[in-house]
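Note: the block below is query_39.pdb and it holds PDB, C-alpha atoms and all ligand atoms.
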```pdb
ATOM      1  CA  MET A   1       5.241  -4.787   1.940
ATOM      2  CA  ASN A   2       7.493  -5.152   4.958
ATOM      3  CA  ASN A   3       4.394  -5.940   6.992
ATOM      4  CA  VAL A   4       3.440  -8.715   4.551
ATOM      5  CA  VAL A   5       7.008 -10.118   4.386
ATOM      6  CA  PRO A   6       9.468  -8.572   6.893
ATOM      7  CA  GLY A   7      12.777  -7.301   5.530
ATOM      8  CA  THR A   8      11.615  -7.137   1.918
ATOM      9  CA  LEU A   9      12.743  -3.558   1.251
ATOM     10  CA  VAL A  10      15.396  -1.308   2.812
ATOM     11  CA  ASP A  11      15.802   2.468   2.777
ATOM     12  CA  PHE A  12      18.841   3.647   0.800
ATOM     13  CA  SER A  13      18.571   7.376   1.522
ATOM     14  CA  ASP A  14      21.706   7.028   3.696
ATOM     15  CA  LEU A  15      23.782   6.602   0.496
ATOM     16  CA  ASN A  16      25.253   9.546  -1.467
ATOM     17  CA  ILE A  17      22.156  10.209  -3.578
ATOM     18  CA  SER A  18      19.788  13.034  -4.426
ATOM     19  CA  ILE A  19      16.172  12.081  -4.855
ATOM     20  CA  ASN A  20      12.906  14.009  -5.111
ATOM     21  CA  SER A  21      10.878  14.004  -1.884
ATOM     22  CA  ARG A  22       7.962  12.422  -3.764
ATOM     23  CA  GLN A  23      10.084   9.377  -4.630
ATOM     24  CA  PHE A  24      10.629   6.379  -2.379
ATOM     25  CA  PRO A  25      14.291   5.445  -1.754
ATOM     26  CA  LEU A  26      13.640   1.724  -1.269
ATOM     27  CA  LEU A  27      15.423  -1.313  -2.718
ATOM     28  CA  GLN A  28      15.855  -4.980  -1.954
ATOM     29  CA  PRO A  29      18.877  -5.422   0.366
ATOM     30  CA  ALA A  30      21.202  -7.022  -2.239
ATOM     31  CA  ALA A  31      20.431  -4.265  -4.749
ATOM     32  CA  LYS A  32      21.270  -1.618  -2.149
ATOM     33  CA  ASN A  33      24.608  -3.242  -1.339
ATOM     34  CA  ALA A  34      25.592  -3.268  -5.016
ATOM     35  CA  LEU A  35      24.453   0.339  -5.382
ATOM     36  CA  ARG A  36      26.537   1.407  -2.393
ATOM     37  CA  ARG A  37      29.689  -0.005  -4.025
ATOM     38  CA  ALA A  38      28.953   1.682  -7.359
ATOM     39  CA  ILE A  39      28.464   5.087  -5.717
ATOM     40  CA  GLN A  40      31.606   4.677  -3.602
ATOM     41  CA  ASN A  41      33.656   3.744  -6.675
ATOM     42  CA  ARG A  42      32.557   6.754  -8.713
ATOM     43  CA  GLY A  43      32.735   9.117  -5.751
ATOM     44  CA  THR A  44      29.923  11.454  -6.805
ATOM     45  CA  THR A  45      26.306  12.012  -5.855
ATOM     46  CA  MET A  46      23.831   9.899  -7.807
ATOM     47  CA  GLY A  47      20.727  11.776  -8.999
ATOM     48  CA  ILE A  48      17.745   9.436  -9.033
ATOM     49  CA  ASN A  49      14.612  10.125 -11.079
ATOM     50  CA  SER A  50      12.683   7.115  -9.888
ATOM     51  CA  GLY A  51      13.288   4.316  -7.413
ATOM     52  CA  TYR A  52      10.651   2.212  -5.708
ATOM     53  CA  ARG A  53       7.132   2.636  -7.042
ATOM     54  CA  THR A  54       3.850   1.734  -5.351
ATOM     55  CA  CYS A  55       1.280  -0.166  -7.386
ATOM     56  CA  ALA A  56      -0.873   2.993  -7.221
ATOM     57  CA  GLN A  57       1.914   4.994  -8.876
ATOM     58  CA  GLN A  58       2.442   2.263 -11.445
ATOM     59  CA  TYR A  59      -1.312   2.248 -12.118
ATOM     60  CA  LEU A  60      -1.227   5.981 -12.894
ATOM     61  CA  LEU A  61       1.878   5.711 -15.085
ATOM     62  CA  ARG A  62       0.278   2.908 -17.047
ATOM     63  CA  ARG A  63      -2.939   4.937 -17.502
ATOM     64  CA  TRP A  64      -0.978   7.924 -18.780
ATOM     65  CA  PHE A  65       1.027   5.674 -21.074
ATOM     66  CA  GLU A  66      -2.140   4.078 -22.510
ATOM     67  CA  TYR A  67      -4.148   7.298 -22.845
ATOM     68  CA  GLY A  68      -2.087   9.708 -24.919
ATOM     69  CA  ASN A  69       1.295   9.187 -23.217
ATOM     70  CA  PRO A  70       1.694  12.895 -22.326
ATOM     71  CA  CYS A  71       5.040  12.238 -20.618
ATOM     72  CA  GLY A  72       6.485  10.428 -23.629
ATOM     73  CA  PHE A  73       7.423   7.242 -21.765
ATOM     74  CA  GLN A  74       9.225   4.601 -23.782
ATOM     75  CA  ALA A  75       7.778   1.717 -21.771
ATOM     76  CA  VAL A  76       5.480   1.242 -18.754
ATOM     77  CA  ALA A  77       4.709  -2.186 -17.281
ATOM     78  CA  GLN A  78       1.367  -3.285 -15.821
ATOM     79  CA  PRO A  79       0.934  -2.738 -12.049
ATOM     80  CA  GLY A  80       2.606  -5.557 -10.125
ATOM     81  CA  SER A  81       5.063  -6.435 -12.895
ATOM     82  CA  SER A  82       7.480  -3.478 -12.949
ATOM     83  CA  SER A  83      10.924  -4.067 -11.436
ATOM     84  CA  HIS A  84      10.471  -0.664  -9.756
ATOM     85  CA  GLU A  85       7.672  -2.206  -7.662
ATOM     86  CA  SER A  86       9.993  -5.038  -6.670
ATOM     87  CA  GLY A  87      12.673  -2.681  -5.345
ATOM     88  CA  LEU A  88      15.015  -3.816  -8.115
ATOM     89  CA  ALA A  89      15.183  -0.756 -10.376
ATOM     90  CA  LEU A  90      16.417   2.810 -10.711
ATOM     91  CA  ASP A  91      15.895   5.467 -13.380
ATOM     92  CA  LEU A  92      18.890   7.804 -13.711
ATOM     93  CA  ALA A  93      19.200  11.055 -15.645
ATOM     94  CA  ASP A  94      22.984  10.546 -16.004
ATOM     95  CA  TRP A  95      22.541   6.970 -17.146
ATOM     96  CA  GLY A  96      25.587   7.082 -19.410
ATOM     97  CA  GLY A  97      27.917   8.212 -16.656
ATOM     98  CA  TRP A  98      26.711   5.646 -14.163
ATOM     99  CA  ARG A  99      26.392   2.717 -16.542
ATOM    100  CA  PRO A 100      29.966   1.290 -16.213
ATOM    101  CA  TYR A 101      29.968   1.672 -12.416
ATOM    102  CA  LEU A 102      26.609  -0.035 -12.030
ATOM    103  CA  GLU A 103      27.328  -2.824 -14.499
ATOM    104  CA  THR A 104      30.549  -3.680 -12.639
ATOM    105  CA  GLN A 105      28.398  -4.275  -9.545
ATOM    106  CA  GLY A 106      25.850  -6.479 -11.266
ATOM    107  CA  TRP A 107      23.251  -3.893 -12.220
ATOM    108  CA  VAL A 108      21.860  -4.283 -15.754
ATOM    109  CA  TRP A 109      21.222  -1.432 -18.187
ATOM    110  CA  TYR A 110      17.886  -1.876 -19.972
ATOM    111  CA  GLY A 111      19.156  -0.613 -23.317
ATOM    112  CA  TRP A 112      17.952   1.809 -25.926
ATOM    113  CA  GLY A 113      14.281   0.935 -25.374
ATOM    114  CA  ASP A 114      14.349   2.695 -21.949
ATOM    115  CA  VAL A 115      17.756   4.308 -21.569
ATOM    116  CA  VAL A 116      17.337   5.701 -18.034
ATOM    117  CA  HIS A 117      16.382   2.331 -16.557
ATOM    118  CA  PHE A 118      18.671  -0.019 -14.632
ATOM    119  CA  SER A 119      17.600  -3.195 -12.882
ATOM    120  CA  PHE A 120      19.216  -5.576 -10.444
ATOM    121  CA  PRO A 121      18.805  -9.362 -10.786
ATOM    122  CA  GLY A 122      16.593 -10.638  -8.000
ATOM    123  CA  ILE A 123      13.282 -12.209  -7.192
ATOM    124  CA  PRO A 124      10.306 -10.190  -8.498
ATOM    125  CA  ILE A 125       8.029  -9.419  -5.563
ATOM    126  CA  GLY A 126       5.260  -7.448  -7.234
ATOM    127  CA  ASN A 127       2.826 -10.021  -5.827
ATOM    128  CA  ILE A 128       3.785  -8.912  -2.305
ATOM    129  CA  GLU A 129       3.099  -5.317  -3.287
ATOM    130  CA  ILE A 130      -0.313  -6.154  -4.764
ATOM    131  CA  LYS A 131      -1.148  -8.205  -1.682
ATOM    132  CA  ALA A 132      -0.142  -5.254   0.528
ATOM    133  CA  PHE A 133      -2.563  -2.996  -1.352
ATOM    134  CA  GLN A 134      -5.352  -5.584  -1.237
ATOM    135  CA  THR A 135      -4.798  -6.015   2.513
ATOM    136  CA  LEU A 136      -4.927  -2.248   3.041
ATOM    137  CA  TRP A 137      -8.076  -2.029   0.959
ATOM    138  CA  ASN A 138      -9.758  -4.771   3.007
ATOM    139  CA  ARG A 139      -8.692  -3.192   6.292
ATOM    140  CA  ASN A 140     -10.392   0.026   5.227
ATOM    141  CA  HIS A 141     -13.485  -1.493   3.567
ATOM    142  CA  LEU A 142     -14.898  -4.152   5.867
ATOM    143  CA  ASN A 143     -18.083  -4.336   3.827
ATOM    144  CA  ASP A 144     -16.310  -4.560   0.466
ATOM    145  CA  GLN A 145     -13.704  -7.296   0.816
ATOM    146  CA  ILE A 146     -11.556  -8.475  -2.103
ATOM    147  CA  ASP A 147      -9.247 -11.474  -2.522
ATOM    148  CA  ALA A 148      -5.834 -10.708  -1.015
ATOM    149  CA  ASP A 149      -4.191 -13.099  -3.471
ATOM    150  CA  GLY A 150      -1.371 -10.855  -4.713
ATOM    151  CA  LEU A 151      -2.681 -11.027  -8.281
ATOM    152  CA  TYR A 152      -3.399  -7.877 -10.285
ATOM    153  CA  GLY A 153      -6.743  -8.267 -12.043
ATOM    154  CA  LEU A 154      -9.888  -6.315 -12.859
ATOM    155  CA  GLU A 155     -11.074  -6.262  -9.246
ATOM    156  CA  THR A 156      -7.823  -4.842  -7.897
ATOM    157  CA  ALA A 157      -7.628  -2.364 -10.791
ATOM    158  CA  SER A 158     -11.126  -1.090 -10.044
ATOM    159  CA  LYS A 159     -10.246  -0.607  -6.354
ATOM    160  CA  LEU A 160      -7.017   1.215  -7.213
ATOM    161  CA  SER A 161      -8.990   3.541  -9.461
ATOM    162  CA  ILE A 162     -11.175   4.721  -6.562
ATOM    163  CA  SER A 163      -8.560   4.762  -3.789
ATOM    164  CA  PRO A 164      -7.583   8.153  -2.328
ATOM    165  CA  SER A 165      -4.294   9.434  -3.745
ATOM    166  CA  GLU A 166      -3.088  10.381  -0.275
ATOM    167  CA  GLY A 167      -3.566   6.795   0.907
ATOM    168  CA  PHE A 168      -5.900   5.349   3.500
ATOM    169  CA  GLY A 169      -3.850   6.623   6.457
ATOM    170  CA  GLY A 170      -5.270   9.028   8.992
ATOM    171  CA  ASP A 171      -8.894   7.905   8.865
ATOM    172  CA  PRO A 172      -9.024   4.405  10.327
ATOM    173  CA  GLY A 173     -12.273   3.743   8.438
ATOM    174  CA  LEU A 174     -14.331   0.926   9.882
ATOM    175  CA  ARG A 175     -12.175  -1.121  12.208
ATOM    176  CA  ILE A 176     -13.096  -4.435  13.723
ATOM    177  CA  LEU A 177     -14.356  -3.373  17.138
ATOM    178  CA  ARG A 178     -14.050  -5.430  20.298
ATOM    179  CA  LEU A 179     -13.702  -5.043  24.038
ATOM    180  CA  ALA A 180     -10.006  -4.263  24.421
ATOM    181  CA  SER A 181      -7.606  -2.806  26.961
ATOM    182  CA  PRO A 182      -7.389   0.132  26.681
ATOM    183  CA  PHE A 183     -10.915   0.570  25.306
ATOM    184  CA  MET A 184     -11.161   1.235  21.569
ATOM    185  CA  ARG A 185     -12.476   4.712  20.834
ATOM    186  CA  GLY A 186     -13.328   6.711  17.736
ATOM    187  CA  GLY A 187     -15.946   7.739  15.224
ATOM    188  CA  ASP A 188     -16.578   4.172  14.124
ATOM    189  CA  VAL A 189     -17.445   3.199  17.725
ATOM    190  CA  ARG A 190     -19.812   6.152  17.938
ATOM    191  CA  ARG A 191     -21.540   5.143  14.689
ATOM    192  CA  VAL A 192     -22.133   1.640  16.039
ATOM    193  CA  GLN A 193     -23.461   2.990  19.342
ATOM    194  CA  LYS A 194     -25.806   5.373  17.543
ATOM    195  CA  LYS A 195     -27.322   2.468  15.588
ATOM    196  CA  LEU A 196     -27.583   0.367  18.753
ATOM    197  CA  LYS A 197     -29.410   3.193  20.507
ATOM    198  CA  GLU A 198     -31.801   3.619  17.566
ATOM    199  CA  GLY A 199     -32.544  -0.117  17.803
ATOM    200  CA  GLY A 200     -33.210   0.097  21.525
ATOM    201  CA  TYR A 201     -30.068  -1.848  22.476
ATOM    202  CA  LEU A 202     -28.567   1.130  24.294
ATOM    203  CA  ASN A 203     -30.780   3.250  26.537
ATOM    204  CA  ASN A 204     -28.964   6.488  27.225
ATOM    205  CA  ASP A 205     -27.517   9.273  25.111
ATOM    206  CA  SER A 206     -24.462   9.039  27.359
ATOM    207  CA  ASP A 207     -23.870   5.522  25.997
ATOM    208  CA  VAL A 208     -23.126   7.039  22.558
ATOM    209  CA  GLU A 209     -19.740   8.404  23.579
ATOM    210  CA  GLY A 210     -17.375   6.686  21.143
ATOM    211  CA  ILE A 211     -15.776   4.321  23.662
ATOM    212  CA  TYR A 212     -16.173   0.555  23.259
ATOM    213  CA  GLY A 213     -16.726  -0.538  26.873
ATOM    214  CA  PRO A 214     -18.630  -3.412  28.555
ATOM    215  CA  ILE A 215     -22.066  -1.779  28.124
ATOM    216  CA  THR A 216     -21.512  -1.460  24.382
ATOM    217  CA  GLU A 217     -20.223  -5.012  24.140
ATOM    218  CA  ALA A 218     -23.285  -6.364  25.982
ATOM    219  CA  ALA A 219     -25.529  -4.409  23.603
ATOM    220  CA  VAL A 220     -23.676  -5.858  20.592
ATOM    221  CA  ARG A 221     -24.156  -9.380  21.946
ATOM    222  CA  LYS A 222     -27.886  -8.778  22.402
ATOM    223  CA  PHE A 223     -28.085  -7.344  18.890
ATOM    224  CA  GLN A 224     -26.189 -10.303  17.418
ATOM    225  CA  THR A 225     -28.485 -12.756  19.243
ATOM    226  CA  ASN A 226     -31.618 -11.091  17.899
ATOM    227  CA  GLU A 227     -30.180 -10.937  14.372
ATOM    228  CA  GLY A 228     -29.192 -14.609  14.388
ATOM    229  CA  ILE A 229     -25.523 -13.997  13.630
ATOM    230  CA  THR A 230     -22.452 -15.157  15.542
ATOM    231  CA  VAL A 231     -22.638 -13.860  19.115
ATOM    232  CA  ASP A 232     -19.101 -12.806  19.964
ATOM    233  CA  GLY A 233     -19.409  -9.165  20.995
ATOM    234  CA  VAL A 234     -17.104  -8.245  18.124
ATOM    235  CA  VAL A 235     -18.244  -5.808  15.438
ATOM    236  CA  GLY A 236     -16.959  -7.201  12.126
ATOM    237  CA  PRO A 237     -18.337  -7.206   8.562
ATOM    238  CA  ASP A 238     -21.524  -9.180   9.393
ATOM    239  CA  THR A 239     -22.447  -6.998  12.353
ATOM    240  CA  TYR A 240     -21.706  -3.779  10.451
ATOM    241  CA  ARG A 241     -23.922  -5.001   7.627
ATOM    242  CA  LYS A 242     -26.784  -5.892   9.987
ATOM    243  CA  LEU A 243     -26.422  -2.498  11.640
ATOM    244  CA  GLY A 244     -26.711  -0.857   8.227
ATOM    245  CA  ILE A 245     -23.295   0.795   8.389
TER     246      ILE A 245
HETATM  247 ZN    ZN B   1      12.562   2.471 -14.941
END
```
Please, can you express the file's structure as structure tokens?
Ligand SMILES: [Zn+2]
Amino acid sequence: MNNVVPGTLVDFSDLNISINSRQFPLLQPAAKNALRRAIQNRGTTMGINSGYRTCAQQYLLRRWFEYGNPCGFQAVAQPGSSSHESGLALDLADWGGWRPYLETQGWVWYGWGDVVHFSFPGIPIGNIEIKAFQTLWNRNHLNDQIDADGLYGLETASKLSISPSEGFGGDPGLRILRLASPFMRGGDVRRVQKKLKEGGYLNNDSDVEGIYGPITEAAVRKFQTNEGITVDGVVGPDTYRKLGI
């Protein structure tokens, strides 16, 4: 989200809190400032059950809530519309103890419908979160692009449902390949070179080495010319598709 809109969320793990390592200690800056004052005023450690939530986490919570509700949630919003995804919410086990301190600082207790939940007034930014997911999806699926419009709909839901739980990180997937300094290298480059060699655009086995240098770029240009697509020496969605990758 901070890549989509810089400064959207800040880390609040520097405050006097205890939070599970699987939770994300992220809030909007104004919410963090109010939280800091509340914790200072009470003078104890705040135990946090839930802070910031990714749209993937919200998707799972909503599924559990809709299909049997095994965790007994009182309420779960649709992905993109929870205040947890906007960095404007906290769930606290000791909600009763913290309530007066938080309310003094502008935090709002949800009420008996979801007793652990507090929110801070601010601009909902779930659309930024959805757009961040859509952008990540597109970056990792060059041949299966979706609208990065920040709206949660059937298309985004279907992509969330098949995304790896550990995230897209680690495997760069299919990147857009071009002649760069230093040269791009990796398995995706090797896959392109292998296809170019099979098509007769590269001559030697030694050309299939996973490094995108001038020989590979020249072969891509020749391939693009013969295929009648834009000749730019850059391997993007069209070129991948023509290569059958
Ligand atoms: Zn909550």
Please, which residues in stretch 128-152 of chain A fall within 10 Å of stretch 43-58 of chain A when counting all atoms listed in the file, and what is the closest atom pair and distance in Å to one decimal for each, ordered by chain then residue number, as a tab-separated table?
```
residue	atom	partner	partner_atom	distance
A:Glu129	CA	A:Cys55	CA	6.8
A:Ile130	CA	A:Cys55	CA	6.7
A:Ala132	CA	A:Cys55	CA	9.5
A:Phe133	CA	A:Cys55	CA	7.7
A:Tyr152	CA	A:Cys55	CA	9.5
```
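The space separating atom CA of A:Ser13 from atom CA of A:Pro25 comes to 5.7 Å.
The gap separating atom CA of A:Ala75 from atom CA of A:Tyr59 is 13.3 Å, in Å to one decimal.
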- Pull the neighbourhood of (-18.4, -7.4, 10.0) for me: all residues within 10 Å in file coordinates, counting all atoms listed in the file, as a PyMOL selection string. chain A and resi 142-143+174-177+234-243+245
Just the selected residues (C-alpha atoms), exported as a PDB file, keeping the file's coordinate frame, please.
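Written file, part20.pdb:
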```pdb
ATOM      1  CA  LEU A 142     -14.898  -4.152   5.867  1.00  0.00           C
ATOM      2  CA  ASN A 143     -18.083  -4.336   3.827  1.00  0.00           C
ATOM      3  CA  LEU A 174     -14.331   0.926   9.882  1.00  0.00           C
ATOM      4  CA  ARG A 175     -12.175  -1.121  12.208  1.00  0.00           C
ATOM      5  CA  ILE A 176     -13.096  -4.435  13.723  1.00  0.00           C
ATOM      6  CA  LEU A 177     -14.356  -3.373  17.138  1.00  0.00           C
ATOM      7  CA  VAL A 234     -17.104  -8.245  18.124  1.00  0.00           C
ATOM      8  CA  VAL A 235     -18.244  -5.808  15.438  1.00  0.00           C
ATOM      9  CA  GLY A 236     -16.959  -7.201  12.126  1.00  0.00           C
ATOM     10  CA  PRO A 237     -18.337  -7.206   8.562  1.00  0.00           C
ATOM     11  CA  ASP A 238     -21.524  -9.180   9.393  1.00  0.00           C
ATOM     12  CA  THR A 239     -22.447  -6.998  12.353  1.00  0.00           C
ATOM     13  CA  TYR A 240     -21.706  -3.779  10.451  1.00  0.00           C
ATOM     14  CA  ARG A 241     -23.922  -5.001   7.627  1.00  0.00           C
ATOM     15  CA  LYS A 242     -26.784  -5.892   9.987  1.00  0.00           C
ATOM     16  CA  LEU A 243     -26.422  -2.498  11.640  1.00  0.00           C
ATOM     17  CA  ILE A 245     -23.295   0.795   8.389  1.00  0.00           C
TER      18      ILE A 245
END
```
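Selecting all polymer residues at most 8 Å from ligand ZN 1 (chain B), using only C-alpha atoms and all ligand atoms, gives A:Ser50, A:Gly51, A:Ser83, A:His84, A:Ala89, A:Leu90, A:Asp91, A:Asp114, A:Val116, A:His117, A:Phe118, A:Ser119.
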- Taking the file as shown, find all residues satisfying the PyMOL selection byres (((chain A and resi 156-166) around 12) and not hetatm) and write them as a ChimeraX atom specification. /A:22,54-60,62-63,78-80,129-138,140-141,144-155,167-171
- Work out how far atom CA of A:Leu196 is from atom CA of A:Ala180, in Å to one decimal. 19.0 Å
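Among A:Pro70, A:Ser82, A:Ala31, A:Ala93, the residue with the shortest atom-to-atom distance to A:Trp107, counting all atoms listed in the file, is A:Ala31.
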- Item | Contacts of stretch 219-226 of chain A within 7 Å, only C-alpha atoms, excl. fewer than 6 positions in-chain, as a PyMOL selection string | chain A and resi 201-202+232-233
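Minimum atom-to-atom distances from A:Val189, A:Ile229, A:Gly199, A:Gly7 to A:Tyr212 were compared using only C-alpha atoms, and the lowest value belongs to A:Val189.
Take the PyMOL selection byres (((chain A and resi 2) around 12) and not hetatm) and apply it to this file: it picks Met1, Asn3, Val4, Val5, Pro6, Gly7, Thr8, Leu9, Val10, Asp11, Leu26, Leu27, Gln28, Ser86, Gly87, Ile125, Ile128, Glu129, Lys131 and Ala132 of chain A.
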How would you write as an mmCIF file with C-alpha atoms, in the coordinates of the input the residues that get within 10 Å of (-27.8, 3.9, 20.3) in the file's frame, counting all atoms listed in the file?
```cif
data_model
loop_
_atom_site.group_PDB
_atom_site.id
_atom_site.type_symbol
_atom_site.label_atom_id
_atom_site.label_comp_id
_atom_site.auth_asym_id
_atom_site.auth_seq_id
_atom_site.Cartn_x
_atom_site.Cartn_y
_atom_site.Cartn_z
ATOM 1 C CA ARG A 190 -19.812 6.152 17.938
ATOM 2 C CA ARG A 191 -21.540 5.143 14.689
ATOM 3 C CA VAL A 192 -22.133 1.640 16.039
ATOM 4 C CA GLN A 193 -23.461 2.990 19.342
ATOM 5 C CA LYS A 194 -25.806 5.373 17.543
ATOM 6 C CA LYS A 195 -27.322 2.468 15.588
ATOM 7 C CA LEU A 196 -27.583 0.367 18.753
ATOM 8 C CA LYS A 197 -29.410 3.193 20.507
ATOM 9 C CA GLU A 198 -31.801 3.619 17.566
ATOM 10 C CA GLY A 199 -32.544 -0.117 17.803
ATOM 11 C CA GLY A 200 -33.210 0.097 21.525
ATOM 12 C CA TYR A 201 -30.068 -1.848 22.476
ATOM 13 C CA LEU A 202 -28.567 1.130 24.294
ATOM 14 C CA ASN A 203 -30.780 3.250 26.537
ATOM 15 C CA ASN A 204 -28.964 6.488 27.225
ATOM 16 C CA ASP A 205 -27.517 9.273 25.111
ATOM 17 C CA SER A 206 -24.462 9.039 27.359
ATOM 18 C CA ASP A 207 -23.870 5.522 25.997
ATOM 19 C CA VAL A 208 -23.126 7.039 22.558
ATOM 20 C CA GLU A 209 -19.740 8.404 23.579
ATOM 21 C CA THR A 216 -21.512 -1.460 24.382
ATOM 22 C CA ALA A 219 -25.529 -4.409 23.603
#
```
- Task: Please evaluate the PyMOL selection byres (((chain A and resi 33-35) around 8) and not hetatm) against the structure above and give the resulting residues as a PyMOL selection string.
- Result: chain A and resi 29-32+36-39+102+105-107
